[in-house]
>>> print(open('model-v5.txt').read())   # compact mmCIF, C-alpha atoms
# COMPACT_ATOMS: atom_id res chain seq x y z
CA MET A 1 -111.58 150.09 134.79
CA SER A 2 -115.20 149.16 134.38
CA GLU A 3 -116.00 151.65 131.64
CA PHE A 4 -115.97 148.84 129.09
CA THR A 5 -119.19 146.90 128.95
CA ASP A 6 -119.36 143.63 127.04
CA TRP A 7 -121.13 145.48 124.28
CA ASP A 8 -118.30 148.02 124.05
CA ILE A 9 -115.77 145.22 123.69
CA LEU A 10 -117.79 143.44 121.05
CA ARG A 11 -118.55 146.63 119.14
CA ASN A 12 -114.90 147.65 118.99
CA LEU A 13 -113.88 144.17 117.90
CA LEU A 14 -116.50 144.15 115.16
CA LEU A 15 -115.31 147.54 113.94
CA ALA A 16 -111.76 146.20 113.79
CA ALA A 17 -112.96 143.05 112.03
CA ARG A 18 -113.77 145.22 109.01
CA TRP A 19 -110.02 145.63 108.52
CA THR A 20 -109.52 141.88 108.78
CA VAL A 21 -112.09 141.44 106.02
CA ALA A 22 -110.58 144.23 103.89
CA LEU A 23 -107.07 142.84 104.24
CA SER A 24 -108.30 139.32 103.41
CA LEU A 25 -110.05 140.56 100.26
CA ILE A 26 -107.01 142.49 99.08
CA ALA A 27 -104.70 139.56 99.77
CA PHE A 28 -107.05 137.23 97.94
CA ALA A 29 -107.38 139.53 94.93
CA GLY A 30 -103.63 140.18 94.81
CA GLY A 31 -102.87 136.51 95.36
CA THR A 32 -105.19 135.60 92.49
CA LEU A 33 -103.46 138.01 90.09
CA VAL A 34 -99.93 136.95 90.99
CA GLY A 35 -100.96 133.31 91.34
CA LEU A 36 -102.54 133.23 87.87
CA SER A 37 -99.39 134.58 86.23
CA LEU A 38 -97.28 132.06 88.14
CA THR A 39 -99.61 129.20 87.19
CA PHE A 40 -99.25 130.04 83.50
CA MET A 41 -95.50 130.31 83.93
CA GLN A 42 -95.45 126.89 85.47
CA ILE A 43 -97.55 125.11 82.86
CA SER A 44 -95.71 126.85 80.01
CA GLY A 45 -93.18 124.02 80.01
CA ARG A 46 -90.20 126.39 79.67
CA ALA A 47 -87.51 125.06 82.01
CA VAL A 48 -86.39 128.49 83.29
CA LEU A 49 -89.89 129.70 84.06
CA VAL A 50 -90.83 126.44 85.74
CA ARG A 51 -87.70 126.54 87.88
CA ILE A 52 -88.28 130.16 88.95
CA THR A 53 -91.86 129.36 89.97
CA ARG A 54 -90.78 126.25 91.88
CA LEU A 55 -88.20 128.28 93.79
CA TYR A 56 -90.79 130.98 94.54
CA ILE A 57 -93.26 128.42 95.89
CA GLU A 58 -90.55 126.62 97.88
CA LEU A 59 -89.46 129.93 99.46
CA PHE A 60 -92.95 131.01 100.48
CA GLN A 61 -94.15 127.60 101.63
CA GLY A 62 -90.93 126.87 103.52
CA THR A 63 -90.69 130.03 105.63
CA PRO A 64 -93.08 131.32 108.31
CA LEU A 65 -95.60 133.93 107.20
CA LEU A 66 -94.38 136.02 110.14
CA MET A 67 -90.85 136.13 108.63
CA GLN A 68 -92.31 137.13 105.26
CA LEU A 69 -94.18 139.97 106.94
CA PHE A 70 -91.04 141.16 108.73
CA LEU A 71 -88.91 140.93 105.59
CA VAL A 72 -91.39 142.89 103.50
CA PHE A 73 -91.92 145.43 106.28
CA PHE A 74 -88.22 146.04 106.95
CA GLY A 75 -87.05 145.21 103.42
CA ILE A 76 -89.02 147.93 101.65
CA SER A 77 -87.87 150.58 104.09
CA LEU A 78 -84.28 149.78 103.05
CA PHE A 79 -85.11 151.42 99.73
CA GLY A 80 -85.89 154.59 101.62
CA ILE A 81 -89.62 154.15 101.13
CA ASP A 82 -91.73 154.72 104.21
CA VAL A 83 -93.99 151.69 104.30
CA SER A 84 -97.10 151.48 106.46
CA PRO A 85 -98.01 148.23 108.25
CA TRP A 86 -101.12 148.16 106.05
CA THR A 87 -99.11 148.15 102.79
CA ALA A 88 -96.57 145.66 104.12
CA ALA A 89 -99.26 143.28 105.33
CA ALA A 90 -101.19 143.48 102.07
CA LEU A 91 -98.05 142.86 100.03
CA ALA A 92 -96.73 140.00 102.18
CA LEU A 93 -100.12 138.25 102.29
CA THR A 94 -100.44 138.66 98.51
CA LEU A 95 -97.09 136.96 97.94
CA PHE A 96 -97.88 134.26 100.53
CA SER A 97 -101.28 133.39 99.09
CA SER A 98 -100.07 133.50 95.47
CA ALA A 99 -97.57 130.72 96.24
CA TYR A 100 -100.27 128.44 97.65
CA LEU A 101 -102.85 129.32 94.99
CA THR A 102 -100.34 128.56 92.23
CA GLU A 103 -99.73 125.14 93.71
CA ILE A 104 -103.49 124.48 93.90
CA TRP A 105 -104.27 125.69 90.37
CA ARG A 106 -101.36 123.90 88.72
CA GLY A 107 -102.69 120.66 90.17
CA CYS A 108 -106.15 121.42 88.80
CA ILE A 109 -104.91 122.13 85.29
CA GLU A 110 -102.69 119.05 85.32
CA SER A 111 -105.65 116.94 86.45
CA ILE A 112 -107.15 117.35 82.96
CA PRO A 113 -106.02 114.26 81.02
CA ARG A 114 -103.18 114.86 78.53
CA GLY A 115 -105.22 113.11 75.85
CA GLN A 116 -107.51 116.13 75.69
CA TRP A 117 -104.56 118.39 74.81
CA GLU A 118 -103.48 116.00 72.10
CA ALA A 119 -107.00 115.61 70.73
CA SER A 120 -107.46 119.42 70.63
CA ARG A 121 -104.13 119.80 68.87
CA CYS A 122 -105.21 117.26 66.26
CA LEU A 123 -108.39 119.21 65.70
CA GLY A 124 -106.23 122.20 64.85
CA LEU A 125 -106.95 124.39 67.88
CA SER A 126 -104.28 126.88 68.96
CA TYR A 127 -102.80 127.00 72.48
CA PHE A 128 -105.13 129.82 73.53
CA GLU A 129 -108.17 128.16 72.01
CA ILE A 130 -107.38 124.95 73.88
CA MET A 131 -106.97 126.87 77.12
CA ARG A 132 -110.07 128.97 76.61
CA HIS A 133 -112.48 126.29 75.39
CA ILE A 134 -111.17 122.94 76.65
CA ILE A 135 -108.86 123.12 79.66
CA LEU A 136 -109.87 126.15 81.73
CA PRO A 137 -113.64 125.48 81.87
CA GLN A 138 -112.93 122.01 83.30
CA ALA A 139 -110.03 123.07 85.52
CA LEU A 140 -112.12 125.89 86.97
CA ARG A 141 -114.71 123.44 88.28
CA VAL A 142 -112.04 121.41 90.02
CA ALA A 143 -110.32 124.54 91.34
CA VAL A 144 -113.23 126.22 93.12
CA PRO A 145 -113.50 124.07 96.29
CA PRO A 146 -109.79 124.09 97.24
CA THR A 147 -109.56 127.80 96.42
CA VAL A 148 -112.46 128.61 98.74
CA GLY A 149 -110.83 126.33 101.32
CA PHE A 150 -107.58 128.24 101.06
CA SER A 151 -109.34 131.56 101.60
CA VAL A 152 -109.78 130.39 105.21
CA GLN A 153 -105.99 130.29 105.50
CA ILE A 154 -105.83 133.86 104.19
CA VAL A 155 -108.32 135.16 106.76
CA LYS A 156 -106.38 133.42 109.52
CA GLY A 157 -103.10 134.70 108.06
CA THR A 158 -104.24 138.31 108.43
CA ALA A 159 -104.09 137.82 112.22
CA LEU A 160 -100.29 138.00 111.97
CA ALA A 161 -100.50 141.54 110.60
CA SER A 162 -101.22 142.51 114.21
CA ILE A 163 -97.58 141.79 115.03
CA ILE A 164 -96.26 144.52 112.72
CA GLY A 165 -98.77 146.91 114.25
CA PHE A 166 -101.70 146.82 111.86
CA VAL A 167 -104.88 147.30 113.86
CA GLU A 168 -107.18 144.49 112.77
CA LEU A 169 -109.20 142.03 114.83
CA THR A 170 -106.33 140.41 116.75
CA LYS A 171 -104.54 143.71 117.47
CA ALA A 172 -107.82 145.25 118.63
CA GLY A 173 -108.22 142.24 120.93
CA THR A 174 -104.77 142.78 122.41
CA MET A 175 -105.47 146.49 122.93
CA LEU A 176 -108.87 145.86 124.51
CA ASN A 177 -107.32 143.24 126.75
CA ASN A 178 -104.77 145.80 127.93
CA ALA A 179 -107.59 148.19 128.75
CA THR A 180 -110.03 145.77 130.39
CA PHE A 181 -107.82 142.99 131.83
CA GLU A 182 -110.42 140.47 130.76
CA PRO A 183 -108.40 138.24 128.44
CA PHE A 184 -110.75 135.26 128.67
CA LYS A 185 -113.69 137.27 127.44
CA VAL A 186 -111.80 139.41 124.91
CA PHE A 187 -109.90 136.61 123.20
CA GLY A 188 -112.98 134.43 123.40
CA PHE A 189 -114.88 137.08 121.41
CA VAL A 190 -111.96 137.46 118.99
CA ALA A 191 -111.88 133.72 118.35
CA LEU A 192 -115.65 133.70 117.91
CA ILE A 193 -115.55 136.44 115.26
CA TYR A 194 -112.80 134.65 113.35
CA PHE A 195 -114.84 131.48 113.56
CA LEU A 196 -117.90 133.24 112.18
CA LEU A 197 -115.80 134.55 109.28
CA CYS A 198 -114.06 131.26 108.50
CA TYR A 199 -116.59 128.55 109.22
CA PRO A 200 -119.01 129.48 106.39
CA LEU A 201 -116.07 129.39 103.96
CA SER A 202 -115.03 125.94 105.23
CA VAL A 203 -118.58 124.64 104.89
CA ALA A 204 -118.96 126.18 101.42
CA SER A 205 -115.71 124.57 100.30
CA ARG A 206 -116.85 121.15 101.52
CA MET A 207 -120.31 121.51 99.94
CA LEU A 208 -118.88 122.59 96.60
CA GLU A 209 -116.53 119.64 96.64
CA ARG A 210 -119.34 117.20 97.28
CA LYS A 211 -121.52 118.80 94.61
CA LEU A 212 -118.80 118.76 91.96
CA HIS A 213 -117.86 115.19 92.78
CA ALA A 214 -121.45 114.05 92.45
CA THR A 215 -122.00 115.54 89.01
CA GLY A 216 -118.45 115.59 87.68
CA MET B 1 -80.75 151.80 97.17
CA ASP B 2 -77.63 152.98 98.95
CA TYR B 3 -77.62 150.45 101.75
CA THR B 4 -74.78 148.06 102.55
CA PHE B 5 -75.77 144.80 104.15
CA GLN B 6 -73.93 143.99 107.33
CA PHE B 7 -74.30 140.28 107.81
CA ALA B 8 -70.94 140.09 109.63
CA GLU B 9 -72.51 142.05 112.48
CA LEU B 10 -74.64 139.02 113.27
CA LEU B 11 -71.68 136.75 114.05
CA PRO B 12 -71.43 137.69 117.76
CA TYR B 13 -75.01 136.46 118.16
CA THR B 14 -74.43 133.03 116.63
CA SER B 15 -74.92 131.13 119.89
CA LEU B 16 -78.21 132.95 120.50
CA ILE B 17 -79.51 131.95 117.08
CA VAL B 18 -78.37 128.35 117.53
CA ASP B 19 -80.11 128.19 120.92
CA GLY B 20 -83.31 129.51 119.38
CA LEU B 21 -83.01 127.03 116.52
CA LEU B 22 -82.60 124.12 118.94
CA TRP B 23 -85.67 125.20 120.92
CA THR B 24 -87.71 125.41 117.74
CA VAL B 25 -86.55 121.91 116.81
CA ALA B 26 -87.37 120.58 120.29
CA LEU B 27 -90.84 122.17 120.29
CA THR B 28 -91.49 120.78 116.82
CA LEU B 29 -90.40 117.24 117.68
CA ILE B 30 -92.53 117.10 120.83
CA THR B 31 -95.49 118.64 119.02
CA THR B 32 -95.21 116.27 116.07
CA PHE B 33 -95.27 113.26 118.38
CA LEU B 34 -98.04 114.42 120.73
CA GLY B 35 -100.08 116.10 117.99
CA CYS B 36 -100.15 113.01 115.79
CA LEU B 37 -101.03 110.89 118.81
CA LEU B 38 -103.89 113.26 119.66
CA GLY B 39 -104.94 113.20 116.01
CA THR B 40 -105.04 109.40 115.96
CA LEU B 41 -107.19 109.33 119.09
CA GLY B 42 -109.41 112.06 117.65
CA ALA B 43 -109.81 110.19 114.37
CA ALA B 44 -110.63 107.00 116.29
CA ALA B 45 -113.31 108.89 118.18
CA ARG B 46 -114.67 110.37 114.94
CA ALA B 47 -114.91 106.91 113.41
CA GLY B 48 -116.19 105.27 116.60
CA GLN B 49 -119.62 104.47 117.98
CA HIS B 50 -119.71 106.89 120.88
CA LYS B 51 -122.14 109.67 119.84
CA PHE B 52 -121.11 112.31 122.36
CA LEU B 53 -117.38 111.81 121.83
CA LYS B 54 -117.86 111.96 118.08
CA HIS B 55 -119.60 115.33 118.21
CA ALA B 56 -117.24 116.75 120.84
CA VAL B 57 -114.22 115.93 118.67
CA GLY B 58 -116.04 117.35 115.64
CA ILE B 59 -116.57 120.68 117.41
CA TYR B 60 -112.94 120.73 118.60
CA VAL B 61 -111.68 120.19 115.05
CA GLU B 62 -113.91 122.90 113.55
CA LEU B 63 -113.11 125.43 116.29
CA ILE B 64 -109.35 125.02 115.88
CA ARG B 65 -109.34 124.87 112.10
CA ASN B 66 -111.40 128.05 111.77
CA THR B 67 -109.51 130.35 114.13
CA PRO B 68 -105.97 131.73 113.79
CA PHE B 69 -103.18 130.03 115.72
CA ILE B 70 -102.11 133.30 117.35
CA VAL B 71 -105.60 133.80 118.83
CA GLN B 72 -105.57 130.24 120.20
CA LEU B 73 -102.18 130.96 121.71
CA PHE B 74 -103.32 134.24 123.31
CA PHE B 75 -106.45 132.56 124.62
CA ILE B 76 -104.43 129.81 126.28
CA PHE B 77 -101.67 132.05 127.60
CA PHE B 78 -103.65 135.13 128.65
CA GLY B 79 -107.19 133.79 128.94
CA LEU B 80 -106.89 130.50 130.81
CA PRO B 81 -105.21 131.94 133.94
CA SER B 82 -108.45 133.82 134.69
CA ILE B 83 -110.24 130.49 135.14
CA GLY B 84 -107.40 129.19 137.30
CA ILE B 85 -105.23 127.38 134.75
CA LYS B 86 -101.82 129.03 134.99
CA LEU B 87 -99.24 128.03 132.40
CA ASN B 88 -95.82 129.50 131.76
CA ALA B 89 -94.94 130.61 128.23
CA TRP B 90 -93.34 127.30 127.28
CA GLU B 91 -96.24 125.22 128.49
CA ALA B 92 -98.80 127.49 126.86
CA GLY B 93 -96.88 127.50 123.58
CA LEU B 94 -96.45 123.75 123.51
CA LEU B 95 -100.08 123.17 124.48
CA ALA B 96 -101.30 125.50 121.73
CA MET B 97 -99.13 123.75 119.13
CA VAL B 98 -100.25 120.26 120.18
CA ILE B 99 -103.93 121.25 120.22
CA ASN B 100 -103.54 122.87 116.81
CA LEU B 101 -101.77 119.92 115.16
CA GLY B 102 -104.15 117.54 116.93
CA ALA B 103 -107.16 119.10 115.20
CA TYR B 104 -105.63 119.09 111.73
CA SER B 105 -104.22 115.58 112.03
CA THR B 106 -107.59 114.30 113.32
CA GLU B 107 -109.14 115.48 110.08
CA ILE B 108 -106.28 114.11 107.93
CA ILE B 109 -106.17 110.69 109.60
CA ARG B 110 -109.96 110.43 109.54
CA ALA B 111 -109.86 110.81 105.75
CA GLY B 112 -107.43 107.87 105.62
CA ILE B 113 -109.58 105.75 107.92
CA GLU B 114 -112.73 106.37 105.89
CA ALA B 115 -111.03 104.92 102.84
CA THR B 116 -110.82 101.49 104.51
CA PRO B 117 -112.93 98.96 102.57
CA LYS B 118 -115.86 97.72 104.66
CA GLY B 119 -114.99 94.12 103.81
CA GLN B 120 -111.70 94.40 105.68
CA LEU B 121 -113.51 95.45 108.86
CA GLU B 122 -115.96 92.58 108.55
CA ALA B 123 -113.15 90.11 107.84
CA ALA B 124 -111.18 91.28 110.87
CA ARG B 125 -114.24 91.03 113.11
CA THR B 126 -115.04 87.58 111.76
CA LEU B 127 -111.49 86.45 112.54
CA GLY B 128 -112.22 87.34 116.15
CA LEU B 129 -110.24 90.59 116.49
CA SER B 130 -111.70 93.02 119.00
CA ARG B 131 -112.78 96.52 117.96
CA VAL B 132 -109.55 98.03 119.30
CA GLN B 133 -107.37 95.35 117.68
CA THR B 134 -109.12 95.87 114.37
CA PHE B 135 -108.47 99.58 114.56
CA ILE B 136 -104.79 99.31 115.50
CA ARG B 137 -103.83 96.37 113.28
CA VAL B 138 -106.14 96.55 110.28
CA VAL B 139 -107.46 100.10 109.84
CA LEU B 140 -104.64 102.34 111.04
CA PRO B 141 -101.52 101.15 109.14
CA PRO B 142 -102.88 101.52 105.59
CA ALA B 143 -104.70 104.73 106.61
CA LEU B 144 -101.43 106.28 107.84
CA GLN B 145 -99.64 105.19 104.67
CA LYS B 146 -102.26 106.85 102.53
CA ILE B 147 -102.29 110.20 104.30
CA TYR B 148 -98.57 110.34 105.12
CA PRO B 149 -97.73 113.15 102.64
CA ALA B 150 -100.57 115.33 103.96
CA LEU B 151 -99.49 114.70 107.54
CA THR B 152 -95.89 115.62 106.66
CA SER B 153 -96.99 118.95 105.18
CA GLN B 154 -99.17 119.71 108.20
CA CYS B 155 -96.32 119.04 110.64
CA ILE B 156 -94.11 121.41 108.63
CA ILE B 157 -96.85 124.06 108.69
CA VAL B 158 -97.05 123.75 112.48
CA MET B 159 -93.25 124.07 112.71
CA LEU B 160 -93.42 127.30 110.69
CA GLY B 161 -96.34 128.46 112.84
CA SER B 162 -94.19 128.13 115.96
CA ALA B 163 -92.60 131.47 114.96
CA VAL B 164 -95.66 133.08 116.55
CA LEU B 165 -94.66 131.71 119.96
CA SER B 166 -92.13 134.56 120.14
CA GLN B 167 -95.12 136.82 120.85
CA ILE B 168 -95.62 135.27 124.29
CA SER B 169 -91.83 135.37 124.89
CA VAL B 170 -91.03 131.73 124.23
CA GLN B 171 -87.34 131.91 123.40
CA GLU B 172 -87.36 130.09 120.08
CA LEU B 173 -85.80 131.11 116.79
CA THR B 174 -87.99 134.14 116.02
CA PHE B 175 -87.61 135.40 119.58
CA ALA B 176 -83.83 135.30 119.09
CA ALA B 177 -84.25 137.27 115.86
CA ASN B 178 -86.45 139.88 117.56
CA PHE B 179 -83.93 140.21 120.37
CA ILE B 180 -80.95 140.64 118.03
CA GLN B 181 -82.65 143.25 115.87
CA SER B 182 -83.61 145.19 118.98
CA ARG B 183 -79.89 145.33 119.82
CA ASN B 184 -78.23 146.14 116.51
CA PHE B 185 -81.19 147.39 114.42
CA LEU B 186 -80.14 145.16 111.50
CA SER B 187 -83.69 143.86 111.15
CA PHE B 188 -83.55 142.86 107.48
CA GLU B 189 -80.31 140.92 107.84
CA VAL B 190 -81.46 139.06 110.96
CA TYR B 191 -84.87 138.12 109.59
CA LEU B 192 -83.37 137.03 106.26
CA VAL B 193 -80.92 134.69 107.98
CA VAL B 194 -83.60 133.32 110.28
CA ALA B 195 -86.07 132.86 107.41
CA LEU B 196 -83.44 130.81 105.56
CA LEU B 197 -82.91 128.74 108.71
CA TYR B 198 -86.63 128.00 108.79
CA LEU B 199 -86.45 127.02 105.12
CA LEU B 200 -83.55 124.68 105.90
CA LEU B 201 -85.52 123.22 108.79
CA ALA B 202 -88.54 122.64 106.55
CA ILE B 203 -86.41 120.86 103.95
CA LEU B 204 -84.68 118.72 106.59
CA MET B 205 -88.03 117.84 108.15
CA ARG B 206 -89.35 116.63 104.82
CA GLN B 207 -86.28 114.39 104.41
CA LEU B 208 -86.64 113.10 107.97
CA PHE B 209 -90.27 112.20 107.36
CA LYS B 210 -89.23 110.39 104.18
CA ALA B 211 -86.66 108.40 106.14
CA VAL B 212 -89.23 107.49 108.79
CA HIS B 213 -91.62 106.47 106.02
CA TYR B 214 -88.94 104.18 104.57
CA TYR B 215 -88.50 102.31 107.84
CA ALA B 216 -92.09 102.42 109.04
CA PHE B 217 -93.66 101.00 105.89
CA PRO B 218 -91.24 98.37 104.56
CA ASN B 219 -93.98 96.94 102.33
CA LEU B 220 -93.83 100.01 100.08
CA ARG B 221 -90.10 99.79 99.39
CA ALA B 222 -90.30 97.23 96.60
CA ARG B 223 -92.44 99.56 94.49
CA LYS B 224 -89.63 102.02 93.80
>>> encode(input="model-v5.txt", output="structure tokens")
Amino acid sequence: MSEFTDWDILRNLLLAARWTVALSLIAFAGGTLVGLSLTFMQISGRAVLVRITRLYIELFQGTPLLMQLFLVFFGISLFGIDVSPWTAAALALTLFSSAYLTEIWRGCIESIPRGQWEASRCLGLSYFEIMRHIILPQALRVAVPPTVGFSVQIVKGTALASIIGFVELTKAGTMLNNATFEPFKVFGFVALIYFLLCYPLSVASRMLERKLHATG
Amino acid sequence: MDYTFQFAELLPYTSLIVDGLLWTVALTLITTFLGCLLGTLGAAARAGQHKFLKHAVGIYVELIRNTPFIVQLFFIFFGLPSIGIKLNAWEAGLLAMVINLGAYSTEIIRAGIEATPKGQLEAARTLGLSRVQTFIRVVLPPALQKIYPALTSQCIIVMLGSAVLSQISVQELTFAANFIQSRNFLSFEVYLVVALLYLLLAILMRQLFKAVHYYAFPNLRARK
């Protein structure tokens, strides 16, 4: 079984890592879209909308991501739709990340003092004008570091897509391990690649936080 | 959708699910205890004088926080035997969970420790407390109080993460679910029930942490 050189292992893992990156990007984009709508629902102040969002967040933060993946994967096929692991993983990760992003962004918007709302109202600005010119520009600054920090969780979350059979970095690692019987090396490489993907994001998040705290 | 749900079909497997649930609870309790202990030691090392220890713990924290739990688990379970460390599935699973929580709680507790006013340290030292006494009696209690909510959330996240242990055949809750759906093919029903059990567990854990908080920090009770 010595047809696999170290370079072969690494090359195959790197090729598979492209799918990890693609899945992360899709989950992040989808999570942003859904998360934004949920955030606006939550700060709307309408009791029903707030309650629905709270329940949504509670459900997705209180159950394992693995269960969410399984439920999406097997749930959609109940409708008679043939769902690929790729679609299921993208959808489940989108829902998962939207719950966390909503929680982060709501906190950021609520961190803007209420007095600013009241002052803007007195100056005769409409709800959308207040949002557009007063609240969002400030909230955005606060929101960037924790959002970048959460993207690390998304990248790590994509590893679970391997369990429903989507061939990304972790699945490729398992398959290469089955072919080479060198788990120490293979999973060491896998961990290293994840680290190289995640560590820059962690550092960026920390730097942004420090920078915004210093000037803000 | 012309599908009828068959939740009643799960009833014969109740004892299996309960067993899995109990194992998940046991793993979580042990991990919470050992992980927070490891985190406290790690945070002490991060705040301490020892240069080498400080950097070693720093690397440990960054490595764990920037790789997925499932890869850590596979590395421990499949990888370590090739350098002579043989662990069965339970030991590997528990070890992975403790190491994971240890890294996160190190970082959380460190944040609490750093918030200690310098004057308190100087006062404690002046009163003749040793370095260790100062840490245990002066620095740690208020630090833990401050970061308690973050620590609670992290312990719940680790509990939810334990679902992955089913992949190395640890017979916890998710393993039970996988087994049942392989028998009766009612995958959606099984996973829905089990997901709700996890949700219940998460809610109960939060309440339990609140109760512990109530008894551990009596000085905060009056503020209610």
>>> residues_near_point(input="model-v5.txt", point="(-86.3, 129.1, 103.7)", cutoff="10 Å", atoms="all atoms listed in the file", output="PyMOL selection string")
(chain A and resi 58-64+67) or (chain B and resi 192-203)
>>> interface_residues(input="model-v5.txt", of="chain B", to="chain A", cutoff="10 Å", atoms="only C-alpha atoms", output="JSON, numbers by chain")
{"B": [1, 2, 3, 4, 5, 62, 63, 64, 65, 66, 67, 68, 69, 70, 71, 72, 73, 74, 75, 76, 77, 78, 79, 80, 81, 82, 83, 153, 156, 157, 158, 159, 160, 161, 162, 163, 164, 167, 174, 177, 186, 187, 188, 189, 190, 191, 192, 194, 195, 196, 197, 198, 199, 200, 201, 202, 203]}
>>> closest_residue(input="model-v5.txt", among="B:Leu41, B:Ala150, B:Leu29, B:Ala176", to="Ile17 (chain B)", atoms="all atoms listed in the file")
B:Ala176
>>> atom_distance(input="model-v5.txt", atom1="CA of Ala90 (chain A)", atom2="CA of Ser44 (chain A)")
28.2 Å
>>> residues_around(input="model-v5.txt", residues="region 139-142 of chain A", least_positions_apart="6", cutoff="10 Å", atoms="all atoms listed in the file", output="list of chain:residue names")
A:Ile104, A:Trp105, A:Arg106, A:Gly107, A:Cys108, A:Ile109, A:Glu110, A:Ser111, A:Ile112, A:Met131, A:Leu208, A:Glu209, A:Leu212, A:His213, A:Gly216
>>> atom_distance(input="model-v5.txt", atom1="CA of Leu173 (chain B)", atom2="CA of Leu22 (chain B)")
8.0 Å
>>> atom_distance(input="model-v5.txt", atom1="CA of Ala43 (chain B)", atom2="CA of Phe135 (chain B)")
10.7 Å
>>> closest_residue(input="model-v5.txt", among="A:Thr180, A:Ser151, A:Thr20, A:Thr102", to="Gln42 (chain A)", atoms="all atoms listed in the file")
A:Thr102
>>> closest_residue(input="model-v5.txt", among="B:Ile180, B:Val170, B:Leu127, B:Leu11", to="Glu91 (chain B)", atoms="only C-alpha atoms")
B:Val170
>>> residues_around(input="model-v5.txt", residues="Gly112 (chain B)", least_positions_apart="6", cutoff="9 Å", atoms="all atoms listed in the file", output="short mmCIF file (atom, residue, chain, number, x, y, z; two decimals) with C-alpha atoms, keeping the file's coordinate frame")
data_model
loop_
_atom_site.label_atom_id
_atom_site.label_comp_id
_atom_site.auth_asym_id
_atom_site.auth_seq_id
_atom_site.Cartn_x
_atom_site.Cartn_y
_atom_site.Cartn_z
CA VAL B 139 -107.46 100.10 109.84
CA LEU B 140 -104.64 102.34 111.04
CA PRO B 142 -102.88 101.52 105.59
CA ALA B 143 -104.70 104.73 106.61
CA LEU B 144 -101.43 106.28 107.84
CA GLN B 145 -99.64 105.19 104.67
CA LYS B 146 -102.26 106.85 102.53
CA ILE B 147 -102.29 110.20 104.30
#
>>> residues_around(input="model-v5.txt", residues="Leu33 (chain A)", least_positions_apart="5", cutoff="12 Å", atoms="all atoms listed in the file", output="number ranges by chain")
A: 26-28, 38-40, 94-95, 97-99, 101-102
